[in-house]
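Here the structure is laid out as structure tokens; the discussion comes afterwards.
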Amino acid sequence: MRDAQSFDEFYRCTARRMMRYAYAVAGDHTEAQDLVQEAFTRAWRQWGRLSEHPAPEAWLRLVVARLATDRWRRLHRWRSVLSRTGPPPDAPPPNEDGVLLVRALRQLPATHRQALALHYLFDMSVEEIARETDVPVGTVKSWLSRGRSRLAALLPDLAVETLEANDVS
């Protein structure tokens with residue numbers, strides 16, 4: 001059984017030393033905080049047995065060191081993958097029509113935007129949208145109709161073909 005009071009005392013007595021140790025091992029203050037937090041979380045989960053351990057602080061140091069090693073290995077593998085594959089390609093800037101469409105969509109009520117997105121981006125039928133949003137089919141039809149009408153008013157210079165061809169994601 002875990003004894004919260006004895007764990008709290010253990011934490012108060014060892015937390016600063018663990019932070020200094022983790023910082024020395026990891027070389028980064030934020031990383032050290034993460035390591036110590038995870039180590040104390042594991043210690044709490046096993047506090048029933050760990051409180052009987054002859055050297056619980058040594059156990060905690062071992063956990064911090066192993067966590068740091070695991071993170072270093074993951075980071076090393078990630079860097080290795082990046083060095084082989086190179087950086088990702090630059091994303092092209094958004095085109096003007098896409099920017100105008102997004103601006104117009106932001107002016108619609110959330111329900112109309114949701115219905116339009118589900119219908120046109122996910123190719124969902126009116127019935128499927130009604131089921132997902134838990135509203136009657138007629139309400140979905142109304143949202144789609146009003147949303148399309150409002151978009152047409154907000155974007156009079158854009159042809160429908162242009163809007164459908166744009167990827168606004």
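Simple scheme: letters A, B, ... for chains in structure tokens order, numbers from 1 for residues in each chain, numbers from 1 for ligands in the order shown.
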
Q) Which parts of stretch 95-134 of chain A does DSSP call alpha helix (DSSP H) when run on the backbone here, written out as a VMD selection string? A) chain A and resid 96 to 106 110 to 120 126 to 133

(Q) Excluding A:Arg71 and its own-chain neighbours fewer than 3 positions away, which residues fall within 12 Å of it when counting only C-alpha atoms? Please give them as a list of chain:residue names. (A) A:Val25, A:Ala26, A:Glu31, A:Ala32, A:Asp34, A:Leu35, A:Val64, A:Ala65, A:Arg66, A:Leu67, A:Ala68, A:Arg74, A:Leu75, A:His76, A:Arg77, A:Trp78

Q: Considering only C-alpha atoms, state which residue in the set A:Arg103, A:Arg84, A:Arg12, A:Arg45 is at the smallest distance from A:Glu57.
A: A:Arg12

Can I get the residues of stretch 53-117 of chain A within 10 Å of stretch 128-137 of chain A, each with the closest pair of atoms and their distance in Å to one decimal, using only C-alpha atoms, sorted chain first then ascending number, as JSON lines?
```
{"residue": "A:Thr111", "atom": "CA", "partner": "A:Thr133", "partner_atom": "CA", "distance": 9.1}
{"residue": "A:Gln114", "atom": "CA", "partner": "A:Thr133", "partner_atom": "CA", "distance": 9.1}
{"residue": "A:Ala115", "atom": "CA", "partner": "A:Ile129", "partner_atom": "CA", "distance": 6.9}
{"residue": "A:Leu116", "atom": "CA", "partner": "A:Ile129", "partner_atom": "CA", "distance": 9.7}
```

Any chance you could export the current selection's N, CA, C and O atoms as a PDB file, in the first residue's frame?
```pdb
ATOM      1  N   THR A 111     -21.894  26.031 -37.589  1.00  0.00           N
ATOM      2  CA  THR A 111     -22.683  24.904 -38.089  1.00  0.00           C
ATOM      3  C   THR A 111     -22.654  24.846 -39.610  1.00  0.00           C
ATOM      4  O   THR A 111     -22.580  23.751 -40.190  1.00  0.00           O
ATOM      5  N   GLN A 114     -19.201  23.619 -40.659  1.00  0.00           N
ATOM      6  CA  GLN A 114     -19.078  22.182 -40.406  1.00  0.00           C
ATOM      7  C   GLN A 114     -19.803  21.385 -41.484  1.00  0.00           C
ATOM      8  O   GLN A 114     -19.249  20.414 -42.027  1.00  0.00           O
ATOM      9  N   ALA A 115     -21.010  21.785 -41.807  1.00  0.00           N
ATOM     10  CA  ALA A 115     -21.778  21.056 -42.819  1.00  0.00           C
ATOM     11  C   ALA A 115     -21.077  21.118 -44.177  1.00  0.00           C
ATOM     12  O   ALA A 115     -20.986  20.106 -44.880  1.00  0.00           O
ATOM     13  N   LEU A 116     -20.591  22.295 -44.554  1.00  0.00           N
ATOM     14  CA  LEU A 116     -19.897  22.432 -45.840  1.00  0.00           C
ATOM     15  C   LEU A 116     -18.622  21.590 -45.872  1.00  0.00           C
ATOM     16  O   LEU A 116     -18.340  20.924 -46.874  1.00  0.00           O
TER      17      LEU A 116
END
```

Q: Could you please determine the separation between atom CA of A:Glu38 and atom CA of A:Pro54 in Å, to one decimal place?
A: 21.2 Å

Q: Name the closest residue to A:Tyr11 among the candidates A:Thr41, A:Gln33, A:Asn95, A:Thr139; distances are taken between atoms, counting only C-alpha atoms.
A: A:Thr41

Q | Minimum-distance residue to A:Leu101, chosen among A:Leu155, A:Leu50, A:Ala39, A:Val140 (using only C-alpha atoms) | A |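 Going through A:Leu155, A:Leu50, A:Ala39, A:Val140 one by one, the smallest distance to A:Leu101 is for A:Leu155.
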
Q. Looking at A:Ala153, A:Met19, A:Ala117, A:Ala58, which one is nearest to A:Ala43, with distances taken over only C-alpha atoms?
A. A:Ala58

(Q) Let me make sure I understand: among A:His112, A:Arg61, A:Arg106, A:His29, which one has the smallest atom-to-atom distance to A:Thr14 if we use only C-alpha atoms? (A)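 Smallest separation from A:Thr14 among the options: A:Arg61.
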
**Q.** Which residue of A:Gln107, A:Ser51, A:Gln46, A:Thr85 approaches A:Phe10 most closely, using only C-alpha atoms
**A.**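 Residue with the minimum atom-to-atom distance to A:Phe10: A:Ser51.
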